[in-house]
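Asker: A single structure is presented below for examination.
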Amino acid sequence: MLGRGLLLDRDGVVNHDTAYVGFREQFQFIDGIFDFLRAAQDVGYRLAILTNQAGVGRGKYTAEDYYKLTEWMLREFSAQHVNVELVLGCFEHPDAVLPEYKRESYWRKPNPGMVLEAIQKLRLNPSRSVFIGDQLRDLEAAAAGGVAHRLLLSDTLTPAAGMVRIASYAEAKVFLHKISTA
Ligand SMILES: [Mg+2]
């Protein structure tokens, strides 16, 4: 049977978005994320992080910096008993300064490439899966990939049709509990 996935944007969802976070000194986990993800995996959600990383294409940090930071982040998750199974990053951007990354990409949200990749790799049922983003483009990508439940973590943005706004991980936990027991 296909599983349930909890797909997360990174900057602004896992960690505070202080613009072009490329190094661990800049990486600060958002309050409540570990507790929330443990609760999600305990009821059977498989976890993945899907992140636009135009900072690589823009030369703010290198792909190697990004992978190092990702390894460190995964160790921090493990230490908190959170098993993130997949992390996908898109380095391309149409305005990238590095020529090898200067292009449109099907992986770059709001395009659904990373969402579809995660669904396939983790064998997820999108109609039972959840995406949490802090930008409308995250949830546009999720919708284009068929992900049924789309949460906008923001206290400033107005959710578009089909999105549910949440202000904290305590609220996300309530939402998840509701759809998991429905
Ligand atoms: Mg974000």
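Naming scheme: A, B, ... for chains in displayed order of the structure tokens; residues 1 onward per chain; ligands 1 onward as shown.
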To check your reading of the model: which residues sit at most 12 Å from ligand 1 when counting only C-alpha atoms and all ligand atoms? Write the answer as a ChimeraX atom specification.
Answerer: /A:8-21,49-54,109-110,131-139,152-154
Asker: Output as a PyMOL selection string all residues of segment 45-94 of chain A that backbone DSSP marks as alpha helix (DSSP H).
Answerer: chain A and resi 54-57+63-79
Asker: Could those selected residues go to a file with N, CA and C atoms, as a PDB file, in the first residue's frame?
Answerer:
```pdb
ATOM      1  N   ALA A  54      18.340  28.330  -4.505  1.00  0.00           N
ATOM      2  CA  ALA A  54      18.906  29.210  -5.532  1.00  0.00           C
ATOM      3  C   ALA A  54      20.190  29.863  -5.047  1.00  0.00           C
ATOM      4  N   GLY A  55      20.429  29.831  -3.719  1.00  0.00           N
ATOM      5  CA  GLY A  55      21.671  30.372  -3.174  1.00  0.00           C
ATOM      6  C   GLY A  55      22.902  29.728  -3.796  1.00  0.00           C
ATOM      7  N   VAL A  56      22.772  28.466  -4.232  1.00  0.00           N
ATOM      8  CA  VAL A  56      23.890  27.805  -4.913  1.00  0.00           C
ATOM      9  C   VAL A  56      24.102  28.451  -6.282  1.00  0.00           C
ATOM     10  N   GLY A  57      23.025  28.549  -7.053  1.00  0.00           N
ATOM     11  CA  GLY A  57      23.121  29.156  -8.384  1.00  0.00           C
ATOM     12  C   GLY A  57      23.534  30.617  -8.339  1.00  0.00           C
ATOM     13  N   ALA A  63      27.434  24.110  -3.631  1.00  0.00           N
ATOM     14  CA  ALA A  63      26.674  22.863  -3.484  1.00  0.00           C
ATOM     15  C   ALA A  63      27.273  22.041  -2.341  1.00  0.00           C
ATOM     16  N   GLU A  64      28.600  22.060  -2.217  1.00  0.00           N
ATOM     17  CA  GLU A  64      29.257  21.312  -1.141  1.00  0.00           C
ATOM     18  C   GLU A  64      28.847  21.862   0.231  1.00  0.00           C
ATOM     19  N   ASP A  65      28.779  23.191   0.346  1.00  0.00           N
ATOM     20  CA  ASP A  65      28.302  23.804   1.600  1.00  0.00           C
ATOM     21  C   ASP A  65      26.892  23.315   1.922  1.00  0.00           C
ATOM     22  N   TYR A  66      26.061  23.295   0.896  1.00  0.00           N
ATOM     23  CA  TYR A  66      24.669  22.861   1.080  1.00  0.00           C
ATOM     24  C   TYR A  66      24.606  21.403   1.554  1.00  0.00           C
ATOM     25  N   TYR A  67      25.409  20.531   0.910  1.00  0.00           N
ATOM     26  CA  TYR A  67      25.365  19.119   1.309  1.00  0.00           C
ATOM     27  C   TYR A  67      25.901  18.919   2.728  1.00  0.00           C
ATOM     28  N   LYS A  68      26.934  19.685   3.075  1.00  0.00           N
ATOM     29  CA  LYS A  68      27.468  19.621   4.443  1.00  0.00           C
ATOM     30  C   LYS A  68      26.412  20.038   5.454  1.00  0.00           C
ATOM     31  N   LEU A  69      25.733  21.120   5.152  1.00  0.00           N
ATOM     32  CA  LEU A  69      24.678  21.616   6.048  1.00  0.00           C
ATOM     33  C   LEU A  69      23.555  20.583   6.157  1.00  0.00           C
ATOM     34  N   THR A  70      23.240  19.948   5.021  1.00  0.00           N
ATOM     35  CA  THR A  70      22.177  18.935   5.020  1.00  0.00           C
ATOM     36  C   THR A  70      22.567  17.755   5.909  1.00  0.00           C
ATOM     37  N   GLU A  71      23.829  17.316   5.806  1.00  0.00           N
ATOM     38  CA  GLU A  71      24.285  16.204   6.650  1.00  0.00           C
ATOM     39  C   GLU A  71      24.195  16.565   8.132  1.00  0.00           C
ATOM     40  N   TRP A  72      24.615  17.773   8.451  1.00  0.00           N
ATOM     41  CA  TRP A  72      24.540  18.228   9.844  1.00  0.00           C
ATOM     42  C   TRP A  72      23.074  18.264  10.314  1.00  0.00           C
ATOM     43  N   MET A  73      22.184  18.827   9.461  1.00  0.00           N
ATOM     44  CA  MET A  73      20.756  18.915   9.805  1.00  0.00           C
ATOM     45  C   MET A  73      20.193  17.520  10.065  1.00  0.00           C
ATOM     46  N   LEU A  74      20.573  16.541   9.230  1.00  0.00           N
ATOM     47  CA  LEU A  74      20.058  15.184   9.400  1.00  0.00           C
ATOM     48  C   LEU A  74      20.576  14.543  10.687  1.00  0.00           C
ATOM     49  N   ARG A  75      21.825  14.875  11.049  1.00  0.00           N
ATOM     50  CA  ARG A  75      22.343  14.371  12.331  1.00  0.00           C
ATOM     51  C   ARG A  75      21.563  14.970  13.504  1.00  0.00           C
ATOM     52  N   GLU A  76      21.249  16.248  13.404  1.00  0.00           N
ATOM     53  CA  GLU A  76      20.453  16.903  14.458  1.00  0.00           C
ATOM     54  C   GLU A  76      19.069  16.246  14.556  1.00  0.00           C
ATOM     55  N   PHE A  77      18.464  15.971  13.403  1.00  0.00           N
ATOM     56  CA  PHE A  77      17.162  15.293  13.410  1.00  0.00           C
ATOM     57  C   PHE A  77      17.286  13.912  14.061  1.00  0.00           C
ATOM     58  N   SER A  78      18.313  13.154  13.666  1.00  0.00           N
ATOM     59  CA  SER A  78      18.510  11.813  14.242  1.00  0.00           C
ATOM     60  C   SER A  78      18.644  11.879  15.749  1.00  0.00           C
ATOM     61  N   ALA A  79      19.419  12.851  16.229  1.00  0.00           N
ATOM     62  CA  ALA A  79      19.627  12.987  17.675  1.00  0.00           C
ATOM     63  C   ALA A  79      18.306  13.263  18.386  1.00  0.00           C
TER      64      ALA A  79
END
```
Asker: Name the closest residue to Gly59 of chain A among the candidates A:Arg46, A:Arg4, A:His81, A:Lys102; distances are taken between atoms, counting only C-alpha atoms.
Answerer: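 Among the listed residues, the smallest separation from Gly59 of chain A belongs to A:Lys102.
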Asker: Write down as a short mmCIF file (atom, residue, chain, number, x, y, z; two decimals) with N, CA and C atoms, in the first residue's frame the residues of segment 65-157 of chain A whose backbone DSSP state falls under strand (DSSP E or B).
Answerer:
```
data_model
loop_
_atom_site.label_atom_id
_atom_site.label_comp_id
_atom_site.auth_asym_id
_atom_site.auth_seq_id
_atom_site.Cartn_x
_atom_site.Cartn_y
_atom_site.Cartn_z
N VAL A 84 14.19 11.81 8.86
CA VAL A 84 13.88 12.43 7.57
C VAL A 84 14.51 11.55 6.50
N GLU A 85 13.69 10.98 5.64
CA GLU A 85 14.17 9.96 4.71
C GLU A 85 14.74 10.50 3.42
N LEU A 86 14.34 11.73 3.09
CA LEU A 86 14.72 12.25 1.77
C LEU A 86 14.83 13.77 1.86
N VAL A 87 15.91 14.32 1.30
CA VAL A 87 16.05 15.78 1.19
C VAL A 87 16.40 16.08 -0.27
N LEU A 88 15.56 16.87 -0.92
CA LEU A 88 15.82 17.26 -2.31
C LEU A 88 16.02 18.76 -2.36
N GLY A 89 17.03 19.20 -3.12
CA GLY A 89 17.28 20.62 -3.27
C GLY A 89 17.39 20.99 -4.73
N CYS A 90 16.88 22.16 -5.09
CA CYS A 90 16.99 22.65 -6.46
C CYS A 90 17.90 23.87 -6.49
N HIS A 93 18.24 28.47 -11.05
CA HIS A 93 17.37 29.66 -11.03
C HIS A 93 17.59 30.39 -12.35
N LYS A 102 22.02 28.40 -14.38
CA LYS A 102 21.15 29.45 -14.89
C LYS A 102 20.15 28.86 -15.88
N LEU A 124 4.51 7.20 -2.02
CA LEU A 124 3.47 7.88 -1.26
C LEU A 124 2.16 7.94 -2.03
N VAL A 130 0.67 15.32 3.06
CA VAL A 130 0.58 16.70 3.55
C VAL A 130 1.84 17.45 3.11
N PHE A 131 1.69 18.71 2.73
CA PHE A 131 2.84 19.56 2.45
C PHE A 131 2.74 20.78 3.36
N ILE A 132 3.86 21.15 3.97
CA ILE A 132 3.90 22.38 4.76
C ILE A 132 4.91 23.33 4.14
N GLY A 133 4.44 24.53 3.79
CA GLY A 133 5.31 25.55 3.22
C GLY A 133 5.06 26.89 3.87
N HIS A 149 -3.34 17.74 1.16
CA HIS A 149 -3.41 18.63 2.33
C HIS A 149 -2.24 19.61 2.28
N ARG A 150 -2.58 20.90 2.23
CA ARG A 150 -1.54 21.91 2.01
C ARG A 150 -1.62 22.98 3.09
N LEU A 151 -0.60 23.00 3.95
CA LEU A 151 -0.57 23.91 5.09
C LEU A 151 0.39 25.05 4.85
N LEU A 152 -0.10 26.25 5.09
CA LEU A 152 0.71 27.46 4.94
C LEU A 152 1.11 27.94 6.34
N LEU A 153 2.41 27.79 6.65
CA LEU A 153 2.92 28.21 7.96
C LEU A 153 3.32 29.68 7.86
#
```
Asker: One decimal, in Å: what's the spacing between atom CA of Tyr61 of chain A and atom CA of Tyr106 of chain A?
Answerer: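 Interatomic distance here is 21.9 Å.
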Asker: At a cut-off of 10 Å, using only C-alpha atoms, what residues contact Glu171 of chain A? Leave out same-chain residues fewer than 6 positions from it and give the result as a list in words.
Answerer: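 Residues meeting the cut-off are Phe36, Leu153, Arg165 and His177 of chain A.
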Asker: I need the residue nearest Ala148 of chain A from this list: A:Leu116, A:Ala40, A:Asn125, A:Phe27. Use only C-alpha atoms for the distance.
Answerer: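 Looking at the shortest contact to Ala148 of chain A, the residue is A:Asn125.
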